[in-house]
file entry31.txt (compact mmCIF, C-alpha atoms)
# COMPACT_ATOMS: atom_id res chain seq x y z
CA MET A 1 -32.12 -2.42 -17.56
CA THR A 2 -28.46 -3.40 -17.06
CA THR A 3 -25.52 -1.23 -17.96
CA THR A 4 -21.85 -2.10 -18.20
CA LEU A 5 -19.10 0.15 -16.96
CA THR A 6 -16.14 0.67 -19.23
CA ALA A 7 -12.91 2.45 -18.49
CA PRO A 8 -12.84 6.02 -19.77
CA PRO A 9 -9.96 7.41 -21.75
CA ARG A 10 -7.06 8.17 -19.46
CA ALA A 11 -5.24 11.47 -19.51
CA GLY A 12 -2.21 9.86 -17.92
CA THR A 13 -1.06 6.65 -16.32
CA ASP A 14 -1.28 8.00 -12.77
CA ARG A 15 -4.62 9.78 -13.08
CA PRO A 16 -6.82 6.83 -12.02
CA THR A 17 -4.45 6.11 -9.12
CA LEU A 18 -4.60 9.72 -7.93
CA ALA A 19 -8.39 9.80 -8.26
CA LEU A 20 -8.70 6.57 -6.27
CA GLY A 21 -6.38 8.09 -3.67
CA ALA A 22 -8.73 11.07 -3.36
CA LEU A 23 -11.69 8.73 -2.82
CA ALA A 24 -9.68 6.74 -0.27
CA LEU A 25 -8.88 9.94 1.63
CA GLY A 26 -12.59 10.73 1.84
CA ALA A 27 -13.25 7.17 3.02
CA PHE A 28 -10.53 7.60 5.66
CA GLY A 29 -12.22 10.71 7.06
CA ILE A 30 -15.66 9.07 7.08
CA GLY A 31 -14.36 5.91 8.74
CA LEU A 32 -12.51 7.99 11.31
CA THR A 33 -15.56 10.00 12.35
CA GLU A 34 -17.68 6.84 12.59
CA PHE A 35 -15.41 4.74 14.79
CA VAL A 36 -13.28 7.18 16.81
CA ILE A 37 -16.28 8.20 18.92
CA VAL A 38 -16.21 4.80 20.67
CA GLY A 39 -12.97 5.66 22.47
CA LEU A 40 -14.21 9.12 23.48
CA LEU A 41 -17.60 8.34 25.02
CA GLY A 42 -16.30 8.57 28.58
CA VAL A 43 -14.50 11.85 27.93
CA ILE A 44 -17.55 13.37 26.25
CA GLY A 45 -19.85 12.10 29.02
CA ASP A 46 -17.71 13.75 31.70
CA ASP A 47 -17.41 17.03 29.81
CA LEU A 48 -21.10 17.36 28.92
CA SER A 49 -22.39 15.73 32.14
CA ILE A 50 -24.32 12.94 30.42
CA SER A 51 -24.57 9.24 31.19
CA VAL A 52 -22.69 6.59 29.24
CA PRO A 53 -25.92 5.18 27.67
CA THR A 54 -26.85 8.70 26.57
CA ALA A 55 -23.38 9.21 25.11
CA GLY A 56 -23.81 5.86 23.35
CA LEU A 57 -26.55 7.42 21.23
CA LEU A 58 -23.74 9.26 19.46
CA VAL A 59 -22.82 5.85 18.02
CA SER A 60 -26.29 4.47 17.30
CA GLY A 61 -27.53 7.86 16.11
CA TYR A 62 -24.73 7.95 13.57
CA ALA A 63 -25.59 4.42 12.35
CA ALA A 64 -29.24 5.43 11.96
CA GLY A 65 -28.17 8.50 9.99
CA VAL A 66 -26.13 6.30 7.65
CA ALA A 67 -29.01 3.87 7.07
CA VAL A 68 -31.44 6.70 6.25
CA GLY A 69 -29.01 9.01 4.50
CA ALA A 70 -27.54 6.50 2.04
CA PRO A 71 -30.58 6.08 -0.22
CA LEU A 72 -31.96 9.56 0.53
CA MET A 73 -28.85 11.55 -0.40
CA THR A 74 -28.13 9.32 -3.39
CA ALA A 75 -31.66 9.81 -4.72
CA LEU A 76 -31.46 13.58 -4.20
CA GLY A 77 -28.21 13.67 -6.16
CA SER A 78 -29.32 11.40 -8.99
CA ARG A 79 -29.43 14.33 -11.46
CA VAL A 80 -26.14 15.84 -10.29
CA PRO A 81 -22.78 14.99 -11.93
CA ARG A 82 -21.03 12.47 -9.71
CA LYS A 83 -17.93 14.54 -9.04
CA THR A 84 -20.11 17.48 -8.01
CA MET A 85 -22.14 15.22 -5.73
CA LEU A 86 -19.01 13.78 -4.11
CA ALA A 87 -17.73 17.30 -3.44
CA THR A 88 -21.11 18.35 -2.05
CA LEU A 89 -21.18 15.34 0.27
CA MET A 90 -17.68 16.16 1.50
CA GLY A 91 -18.75 19.74 2.16
CA LEU A 92 -21.69 18.49 4.24
CA PHE A 93 -19.34 16.10 6.04
CA ILE A 94 -17.08 19.03 6.94
CA ALA A 95 -20.08 21.03 8.20
CA GLY A 96 -21.25 18.16 10.41
CA ASN A 97 -17.86 17.65 12.04
CA LEU A 98 -17.33 21.39 12.42
CA LEU A 99 -20.67 21.59 14.25
CA SER A 100 -19.56 18.70 16.46
CA ALA A 101 -16.26 20.42 17.28
CA LEU A 102 -18.04 23.66 18.25
CA ALA A 103 -21.11 22.10 19.90
CA PRO A 104 -21.71 23.58 23.38
CA THR A 105 -24.41 21.00 24.17
CA TYR A 106 -25.03 17.30 23.74
CA GLU A 107 -28.00 17.97 21.46
CA LEU A 108 -25.90 19.98 19.00
CA LEU A 109 -23.14 17.37 19.12
CA LEU A 110 -25.67 14.67 18.23
CA THR A 111 -27.00 16.88 15.43
CA GLY A 112 -23.50 17.30 14.04
CA ARG A 113 -22.99 13.54 14.14
CA ILE A 114 -26.23 12.91 12.23
CA VAL A 115 -25.38 15.57 9.62
CA ALA A 116 -22.02 13.89 9.00
CA ALA A 117 -23.68 10.46 8.90
CA LEU A 118 -26.05 11.52 6.13
CA THR A 119 -23.07 11.70 3.76
CA HIS A 120 -21.56 8.33 4.68
CA GLY A 121 -23.54 5.87 2.58
CA ALA A 122 -23.96 8.14 -0.42
CA PHE A 123 -20.21 8.86 -0.57
CA PHE A 124 -19.33 5.16 -0.52
CA GLY A 125 -22.18 4.29 -2.89
CA ILE A 126 -21.40 6.94 -5.50
CA GLY A 127 -17.68 6.58 -4.86
CA SER A 128 -17.86 2.86 -5.66
CA VAL A 129 -19.47 3.62 -9.02
CA VAL A 130 -16.84 6.28 -9.74
CA ALA A 131 -13.97 4.01 -8.68
CA ALA A 132 -15.22 1.20 -10.92
CA SER A 133 -15.52 3.61 -13.86
CA LEU A 134 -11.88 4.72 -13.59
CA VAL A 135 -10.35 1.36 -14.51
CA ALA A 136 -10.72 -1.52 -16.95
CA PRO A 137 -13.69 -3.87 -16.35
CA ASP A 138 -11.45 -6.64 -14.99
CA ARG A 139 -10.09 -4.33 -12.25
CA ARG A 140 -13.32 -2.88 -10.87
CA ALA A 141 -13.39 -4.82 -7.58
CA ALA A 142 -9.74 -3.94 -6.95
CA ALA A 143 -10.54 -0.26 -7.56
CA ILE A 144 -13.41 -0.41 -5.08
CA ALA A 145 -11.08 -2.14 -2.60
CA THR A 146 -8.58 0.71 -3.05
CA MET A 147 -11.23 3.23 -2.06
CA PHE A 148 -12.21 1.12 0.96
CA THR A 149 -8.54 1.03 1.95
CA GLY A 150 -9.17 4.47 3.44
CA LEU A 151 -11.78 2.93 5.74
CA THR A 152 -9.42 0.16 6.86
CA LEU A 153 -6.57 2.63 7.47
CA ALA A 154 -8.95 4.67 9.61
CA ASN A 155 -9.27 1.63 11.87
CA VAL A 156 -5.56 0.77 11.83
CA ALA A 157 -4.09 4.21 12.47
CA GLY A 158 -6.74 6.93 12.52
CA VAL A 159 -8.89 5.67 15.40
CA PRO A 160 -5.99 5.02 17.85
CA LEU A 161 -4.41 8.40 17.02
CA GLY A 162 -7.75 10.21 17.15
CA THR A 163 -8.57 8.63 20.49
CA ALA A 164 -5.17 9.56 21.92
CA LEU A 165 -5.58 13.13 20.64
CA GLY A 166 -9.01 13.47 22.24
CA GLN A 167 -7.86 12.05 25.55
CA ALA A 168 -4.83 14.35 25.65
CA PHE A 169 -6.34 17.63 24.38
CA GLY A 170 -10.08 17.14 24.77
CA TRP A 171 -12.61 15.43 22.53
CA ARG A 172 -13.17 18.59 20.47
CA SER A 173 -9.60 18.39 19.16
CA THR A 174 -10.46 15.06 17.52
CA PHE A 175 -13.38 16.60 15.65
CA TRP A 176 -11.18 19.49 14.55
CA ALA A 177 -8.71 16.93 13.17
CA VAL A 178 -11.51 15.07 11.35
CA THR A 179 -12.72 18.39 9.92
CA ALA A 180 -9.21 19.04 8.59
CA VAL A 181 -9.16 15.60 6.94
CA GLY A 182 -12.51 16.45 5.35
CA VAL A 183 -11.13 19.69 3.92
CA ALA A 184 -8.13 17.83 2.47
CA ALA A 185 -10.45 15.19 0.96
CA LEU A 186 -12.68 17.87 -0.59
CA LEU A 187 -9.68 19.53 -2.24
CA ALA A 188 -8.41 16.16 -3.45
CA VAL A 189 -11.78 15.27 -5.00
CA LEU A 190 -12.00 18.65 -6.74
CA MET A 191 -8.44 18.44 -8.11
CA LEU A 192 -7.92 14.73 -8.83
CA VAL A 193 -11.25 13.09 -9.66
CA PRO A 194 -12.06 13.54 -13.35
CA HIS A 195 -15.40 14.91 -14.48
CA GLN A 196 -18.15 12.36 -13.95
CA PRO A 197 -21.44 12.24 -15.89
CA ARG A 198 -24.85 12.04 -14.31
CA GLY A 199 -25.32 8.53 -15.64
CA GLU A 200 -28.15 9.58 -17.92
CA SER A 201 -28.55 6.01 -19.20
CA ILE A 202 -30.24 5.05 -15.94
CA SER A 203 -32.82 7.37 -14.39
CA LEU A 204 -33.91 7.53 -10.76
CA THR A 205 -37.05 5.58 -11.67
CA GLU A 206 -34.91 2.86 -13.25
CA GLN A 207 -32.60 2.85 -10.22
CA LEU A 208 -35.60 2.30 -7.95
CA ALA A 209 -36.84 -0.43 -10.28
CA VAL A 210 -33.73 -2.54 -9.61
CA PHE A 211 -35.12 -3.27 -6.15
CA ALA A 212 -37.72 -5.44 -7.83
CA ARG A 213 -34.93 -7.89 -8.71
CA PRO A 214 -34.57 -10.84 -6.30
CA GLN A 215 -30.80 -10.97 -6.89
CA VAL A 216 -30.42 -7.40 -5.61
CA TRP A 217 -32.17 -8.28 -2.35
CA LEU A 218 -30.12 -11.44 -2.05
CA ALA A 219 -26.94 -9.39 -2.48
CA LEU A 220 -28.07 -6.90 0.16
CA SER A 221 -28.94 -9.77 2.50
CA ILE A 222 -25.46 -11.26 2.03
CA THR A 223 -23.97 -7.90 2.98
CA ALA A 224 -26.10 -7.51 6.12
CA LEU A 225 -25.52 -11.09 7.28
CA GLY A 226 -21.82 -11.23 6.39
CA PHE A 227 -20.79 -7.91 7.88
CA GLY A 228 -23.15 -8.41 10.81
CA ALA A 229 -21.23 -11.62 11.53
CA VAL A 230 -18.01 -9.65 11.91
CA PHE A 231 -19.50 -7.01 14.18
CA ALA A 232 -21.37 -9.49 16.36
CA ALA A 233 -17.94 -10.36 17.77
CA PHE A 234 -16.12 -7.06 17.19
CA THR A 235 -18.63 -5.06 19.25
CA PHE A 236 -17.68 -7.07 22.34
CA PHE A 237 -13.93 -7.36 21.80
CA GLU A 238 -13.10 -5.32 24.91
CA PRO A 239 -15.01 -7.45 27.47
CA ILE A 240 -13.96 -10.66 25.69
CA LEU A 241 -10.29 -9.74 25.78
CA THR A 242 -10.28 -8.45 29.35
CA GLU A 243 -12.64 -10.93 31.03
CA VAL A 244 -12.34 -14.10 28.92
CA THR A 245 -8.78 -13.84 27.63
CA GLY A 246 -7.61 -12.14 30.83
CA LEU A 247 -5.58 -9.38 29.18
CA PRO A 248 -5.05 -5.95 30.78
CA ASP A 249 -6.99 -2.94 29.48
CA GLY A 250 -3.81 -1.55 27.91
CA ALA A 251 -3.55 -4.52 25.55
CA VAL A 252 -6.93 -3.90 23.92
CA PRO A 253 -5.89 -0.94 21.68
CA TRP A 254 -2.95 -2.95 20.35
CA LEU A 255 -5.16 -5.89 19.48
CA LEU A 256 -7.54 -3.50 17.75
CA VAL A 257 -4.56 -2.44 15.62
CA VAL A 258 -3.98 -6.15 14.85
CA PHE A 259 -7.63 -6.37 13.81
CA GLY A 260 -7.13 -3.30 11.59
CA VAL A 261 -4.10 -4.89 9.92
CA GLY A 262 -6.28 -7.89 9.12
CA LEU A 263 -8.94 -5.58 7.66
CA PHE A 264 -6.38 -3.87 5.43
CA ALA A 265 -4.91 -7.13 4.10
CA GLY A 266 -8.28 -8.82 3.62
CA ASN A 267 -9.69 -5.83 1.75
CA ILE A 268 -6.81 -5.74 -0.75
CA VAL A 269 -6.64 -9.49 -1.33
CA GLY A 270 -10.43 -9.81 -1.49
CA GLY A 271 -10.62 -7.10 -4.14
CA ARG A 272 -8.04 -8.77 -6.36
CA LEU A 273 -9.61 -12.21 -6.03
CA ALA A 274 -13.11 -10.84 -6.68
CA ASP A 275 -11.95 -9.46 -10.04
CA ARG A 276 -10.90 -12.97 -11.03
CA ALA A 277 -13.95 -14.85 -9.72
CA LEU A 278 -16.50 -12.85 -7.77
CA LEU A 279 -18.92 -15.47 -6.42
CA PRO A 280 -16.23 -18.10 -5.66
CA THR A 281 -14.31 -15.42 -3.73
CA LEU A 282 -17.43 -14.49 -1.79
CA ILE A 283 -18.23 -18.14 -1.05
CA GLY A 284 -14.68 -18.88 0.07
CA ALA A 285 -14.43 -15.78 2.26
CA LEU A 286 -17.77 -16.47 3.97
CA ALA A 287 -16.85 -20.11 4.58
CA ALA A 288 -13.53 -19.01 6.09
CA LEU A 289 -15.29 -16.35 8.19
CA THR A 290 -17.68 -18.96 9.59
CA VAL A 291 -14.81 -21.23 10.61
CA VAL A 292 -12.72 -18.37 12.05
CA LEU A 293 -15.58 -17.17 14.26
CA MET A 294 -16.16 -20.68 15.63
CA ILE A 295 -12.46 -21.13 16.34
CA PHE A 296 -12.26 -17.69 17.96
CA ALA A 297 -15.12 -18.60 20.30
CA VAL A 298 -13.19 -21.71 21.38
CA VAL A 299 -9.70 -20.18 21.78
CA ALA A 300 -10.72 -16.76 23.15
CA GLY A 301 -9.47 -17.78 26.58
CA HIS A 302 -5.87 -18.06 25.32
CA PRO A 303 -3.94 -14.82 24.57
CA VAL A 304 -2.09 -16.12 21.50
CA GLY A 305 -5.16 -17.84 20.11
CA ALA A 306 -7.26 -14.73 20.65
CA ALA A 307 -4.69 -12.53 18.89
CA VAL A 308 -4.43 -14.85 15.89
CA GLY A 309 -8.20 -15.16 15.79
CA ILE A 310 -8.65 -11.39 15.77
CA LEU A 311 -6.19 -11.02 12.88
CA ALA A 312 -7.95 -13.77 10.92
CA LEU A 313 -11.38 -12.30 11.70
CA GLY A 314 -10.32 -8.93 10.31
CA ALA A 315 -8.86 -10.52 7.18
CA THR A 316 -11.79 -12.81 6.36
CA GLY A 317 -14.38 -10.22 7.40
CA PHE A 318 -13.12 -7.51 5.08
CA ALA A 319 -12.27 -9.87 2.24
CA ILE A 320 -16.02 -9.95 1.57
CA VAL A 321 -16.41 -6.14 1.33
CA PRO A 322 -15.25 -5.47 -2.27
CA ALA A 323 -16.95 -8.68 -3.39
CA VAL A 324 -20.37 -7.80 -1.97
CA GLN A 325 -20.12 -4.21 -3.18
CA MET A 326 -19.26 -5.45 -6.66
CA ARG A 327 -22.03 -8.04 -6.48
CA VAL A 328 -24.60 -5.32 -5.80
CA LEU A 329 -23.28 -3.27 -8.72
CA ASP A 330 -23.49 -6.30 -11.00
CA THR A 331 -27.03 -7.28 -9.98
CA ALA A 332 -28.39 -3.72 -9.85
CA GLY A 333 -26.64 -2.51 -12.99
CA GLY A 334 -23.18 -1.02 -13.13
CA GLU A 335 -24.28 2.59 -12.83
CA SER A 336 -26.86 2.17 -10.07
CA ALA A 337 -25.43 4.46 -7.41
CA LEU A 338 -28.67 4.02 -5.46
CA GLY A 339 -28.19 0.26 -5.32
CA SER A 340 -24.59 0.76 -4.29
CA ALA A 341 -25.61 3.19 -1.54
CA ALA A 342 -28.32 0.79 -0.34
CA ASN A 343 -25.55 -1.72 0.23
CA ILE A 344 -23.92 0.68 2.71
CA SER A 345 -27.27 0.84 4.52
CA ALA A 346 -27.24 -2.96 4.58
CA PHE A 347 -23.79 -2.89 6.20
CA ASN A 348 -25.09 -0.70 9.02
CA ILE A 349 -28.34 -2.61 9.45
CA GLY A 350 -26.28 -5.79 9.80
CA ILE A 351 -24.04 -4.11 12.38
CA ALA A 352 -27.00 -2.84 14.43
CA VAL A 353 -28.92 -6.14 14.42
CA ALA A 354 -25.87 -8.30 15.12
CA SER A 355 -24.73 -6.07 17.99
CA TRP A 356 -28.22 -6.26 19.49
CA LEU A 357 -28.28 -10.05 19.17
CA GLY A 358 -24.88 -10.29 20.83
CA ALA A 359 -25.96 -8.08 23.73
CA ALA A 360 -29.20 -10.06 24.15
CA ALA A 361 -27.25 -13.35 24.27
CA ILE A 362 -24.92 -12.00 26.95
CA ASP A 363 -27.85 -10.64 28.98
CA ALA A 364 -29.54 -14.04 28.72
CA GLY A 365 -26.53 -15.62 30.42
CA PHE A 366 -24.90 -17.40 27.48
CA GLY A 367 -21.50 -15.86 28.22
CA LEU A 368 -19.21 -13.34 26.56
CA THR A 369 -18.22 -15.70 23.73
CA ALA A 370 -21.86 -16.09 22.66
CA PRO A 371 -21.59 -13.17 20.18
CA ALA A 372 -18.84 -15.05 18.32
CA TRP A 373 -21.13 -18.08 17.94
CA ILE A 374 -23.92 -15.77 16.76
CA GLY A 375 -21.48 -14.30 14.25
CA ALA A 376 -20.63 -17.78 12.99
CA ALA A 377 -24.34 -18.49 12.51
CA LEU A 378 -24.82 -15.23 10.61
CA ALA A 379 -21.78 -15.95 8.40
CA ALA A 380 -23.15 -19.42 7.66
CA ALA A 381 -26.50 -17.87 6.73
CA ALA A 382 -24.70 -15.45 4.40
CA LEU A 383 -22.87 -18.39 2.83
CA LEU A 384 -26.11 -20.29 2.23
CA THR A 385 -27.70 -17.16 0.76
CA THR A 386 -24.76 -16.80 -1.63
CA LEU A 387 -25.03 -20.42 -2.72
CA PHE A 388 -28.76 -19.94 -3.30
CA ALA A 389 -28.11 -16.78 -5.34
CA ARG A 390 -25.59 -18.64 -7.50
CA ALA A 391 -28.02 -21.52 -8.07
CA LEU A 392 -30.75 -19.06 -8.99
CA GLU A 393 -28.41 -17.27 -11.39
CA ARG A 394 -27.43 -20.52 -13.10
CA ARG A 395 -31.10 -21.24 -13.71
CA GLY A 396 -31.33 -17.91 -15.51
call {"tool": "encode", "arguments": {"input": "entry31.txt", "output": "structure tokens"}}
result
Amino acid sequence: MTTTLTAPPRAGTDRPTLALGALALGAFGIGLTEFVIVGLLGVIGDDLSISVPTAGLLVSGYAAGVAVGAPLMTALGSRVPRKTMLATLMGLFIAGNLLSALAPTYELLLTGRIVAALTHGAFFGIGSVVAASLVAPDRRAAAIATMFTGLTLANVAGVPLGTALGQAFGWRSTFWAVTAVGVAALLAVLMLVPHQPRGESISLTEQLAVFARPQVWLALSITALGFGAVFAAFTFFEPILTEVTGLPDGAVPWLLVVFGVGLFAGNIVGGRLADRALLPTLIGALAALTVVLMIFAVVAGHPVGAAVGILALGATGFAIVPAVQMRVLDTAGGESALGSAANISAFNIGIAVASWLGAAAIDAGFGLTAPAWIGAALAAAALLTTLFARALERRG
């Protein structure tokens, strides 16, 4: 069963914009709590007397929580009005970060991280459906991109500021700040997002049935391969930039900001192009991503080339995000929040697998630029999968 989203009556010109802003604020908080931990692992390890690998579980544990929580929380909320579910997820997000801020032990900190992670995929999955429902059909991808702008801004500004805050005043101060962002996002959702129906036209059974469609699995595979391609290289930016490029440690945060600027621009442009031609945009972005990763692997030893490559990698990598999210909505049915949430799980599965492949290649002695070549191979695989999906679609 396929449903089509249509724009609801608007109470005022600015109402959809304000509602999308509320969703973006929630996305900002979620992106902040996911990525800021990377810059605080050493501080947390020293304070709680744990090893760096043990502290690293705060990253992988969060990713596992996202992968499990996305379909689970979405399924549990399938009979709840979407606005109510978004508010509930934000409340759980606040509780998880509050527990992290107060945690006297590593075990409780990890528990708080997992609690917060359970909300991640469902918020983006349901939020994507809500964002698409707020605007005209020809602006749905741009609306989704607007919500994901919060995630890109978290990388551009939130993570550097959150890291600096934690290093200056202790890691708990960062979690208090994230908790405050969560409270602001909850209030914004309650006040600015219009009432959302439960989507009675598509039941939980029907939502599960969409996973019998080959095109849905192809779309999820494109997400995992495409975003995995980006993170195959991104995970190892620090050693690449310091040991291959030869830059000082102090230059790394600034180049991460450059990467974030690329994410922001690519997300916006990708959303607008996807509304005009979804599959051609996805094909073009994946082809560009493949080329950029290969070039980055070659020029990583040169500071200017590395900086330009990082900017281009951020832009091409996030240009695919609104397109793949919209592709899943189209293949699963416009109101399938479960399909949309499963796509967020695919993002994190791609990140986990690609990071592991990159680490294995380095351990095998292929060098620090090997993850970029692996990323190029993954992007090429995503491109071929997209071409196959288009050919299959044309055959009906």
call {"tool": "atom_distance", "arguments": {"input": "entry31.txt", "atom1": "atom CA of Leu186 of chain A", "atom2": "atom CA of Ala168 of chain A"}}
result
27.6 Å
call {"tool": "residues_around", "arguments": {"input": "entry31.txt", "residues": "Ile374 of chain A", "least_positions_apart": "6", "cutoff": "9 Å", "atoms": "only C-alpha atoms", "output": "PyMOL selection string"}}
result
chain A and resi 229+232-233+293+354+357-358+361
call {"tool": "closest_residue", "arguments": {"input": "entry31.txt", "among": "A:Leu338, A:Gly226, A:Asp138, A:Ala364", "to": "Leu313 of chain A", "atoms": "all atoms listed in the file"}}
result
A:Gly226
call {"tool": "residues_around", "arguments": {"input": "entry31.txt", "residues": "Ala132 of chain A", "least_positions_apart": "6", "cutoff": "7 Å", "atoms": "all atoms listed in the file", "output": "number ranges by chain"}}
result
A: 140, 143-144
call {"tool": "closest_residue", "arguments": {"input": "entry31.txt", "among": "A:Ala157, A:Ala389, A:Leu72, A:Leu218", "to": "Pro280 of chain A", "atoms": "all atoms listed in the file"}}
result
A:Ala389
call {"tool": "atom_distance", "arguments": {"input": "entry31.txt", "atom1": "atom CA of Met191 of chain A", "atom2": "atom CA of Gly127 of chain A"}}
result
15.4 Å
call {"tool": "residues_around", "arguments": {"input": "entry31.txt", "residues": "Gly305 of chain A", "least_positions_apart": "5", "cutoff": "12 Å", "atoms": "all atoms listed in the file", "output": "list in words"}}
result
Leu241, Val244, Thr245, Leu255, Val292, Leu293, Ile295, Phe296, Ala297, Val298, Val299, Ala300, Ile310, Leu311, Ala312 and Leu313 of chain A
call {"tool": "closest_residue", "arguments": {"input": "entry31.txt", "among": "A:Glu243, A:Gly260, A:His195, A:Gly56", "to": "Val130 of chain A", "atoms": "only C-alpha atoms"}}
result
A:His195
call {"tool": "atom_distance", "arguments": {"input": "entry31.txt", "atom1": "atom CA of Ala131 of chain A", "atom2": "atom CA of Ala67 of chain A"}}
result
21.8 Å
call {"tool": "closest_atom_pairs", "arguments": {"input": "entry31.txt", "of": "segment 199-258 of chain A", "to": "segment 31-50 of chain A", "cutoff": "12 Å", "atoms": "only C-alpha atoms", "output": "CSV"}}
result
residue,atom,partner,partner_atom,distance
A:Thr235,CA,A:Val38,CA,10.3
A:Glu238,CA,A:Gly39,CA,11.2
A:Val252,CA,A:Gly39,CA,11.4
A:Pro253,CA,A:Gly39,CA,9.7
A:Leu256,CA,A:Gly39,CA,11.6
call {"tool": "write_last_selection", "arguments": {"input": "entry31.txt", "atoms": "C-alpha atoms", "output": "compact mmCIF listing (two decimals), in the frame of the given file"}}
result
# COMPACT_ATOMS: atom_id res chain seq x y z
CA THR A 235 -18.63 -5.06 19.25
CA GLU A 238 -13.10 -5.32 24.91
CA VAL A 252 -6.93 -3.90 23.92
CA PRO A 253 -5.89 -0.94 21.68
CA LEU A 256 -7.54 -3.50 17.75
call {"tool": "residues_around", "arguments": {"input": "entry31.txt", "residues": "Gly91 of chain A", "least_positions_apart": "6", "cutoff": "10 Å", "atoms": "all atoms listed in the file", "output": "PyMOL selection string"}}
result
chain A and resi 85+116+119+179+182-183+185-186
call {"tool": "residues_near_point", "arguments": {"input": "entry31.txt", "point": "(-25.6, -15.3, 9.4)", "cutoff": "9 Å", "atoms": "only C-alpha atoms", "output": "list in words"}}
result
Ile222, Ala224, Leu225, Gly226, Phe227, Gly228, Ala229, Thr290, Ile374, Gly375, Ala376, Ala377, Leu378, Ala379, Ala380, Ala381, Ala382, Leu383 and Leu384 of chain A
call {"tool": "closest_residue", "arguments": {"input": "entry31.txt", "among": "A:Arg327, A:His120, A:Arg113, A:Arg15", "to": "Ala274 of chain A", "atoms": "all atoms listed in the file"}}
result
A:Arg327
call {"tool": "closest_residue", "arguments": {"input": "entry31.txt", "among": "A:Gly270, A:Gly284, A:Gly314, A:Gly301", "to": "Thr146 of chain A", "atoms": "all atoms listed in the file"}}
result
A:Gly270
call {"tool": "residues_around", "arguments": {"input": "entry31.txt", "residues": "Thr174 of chain A", "least_positions_apart": "4", "cutoff": "8 Å", "atoms": "all atoms listed in the file", "output": "PyMOL selection string"}}
result
chain A and resi 101+162-163+165-166+170+178
call {"tool": "closest_residue", "arguments": {"input": "entry31.txt", "among": "A:Ala307, A:Ala142, A:Ala288, A:Leu187", "to": "Ala323 of chain A", "atoms": "all atoms listed in the file"}}
result
A:Ala142
call {"tool": "residues_near_point", "arguments": {"input": "entry31.txt", "point": "(-9.2, 4.6, -0.1)", "cutoff": "12 Å", "atoms": "all atoms listed in the file", "output": "number ranges by chain"}}
result
A: 17-31, 123-124, 127-128, 131, 142-154, 185, 264, 267-268, 322
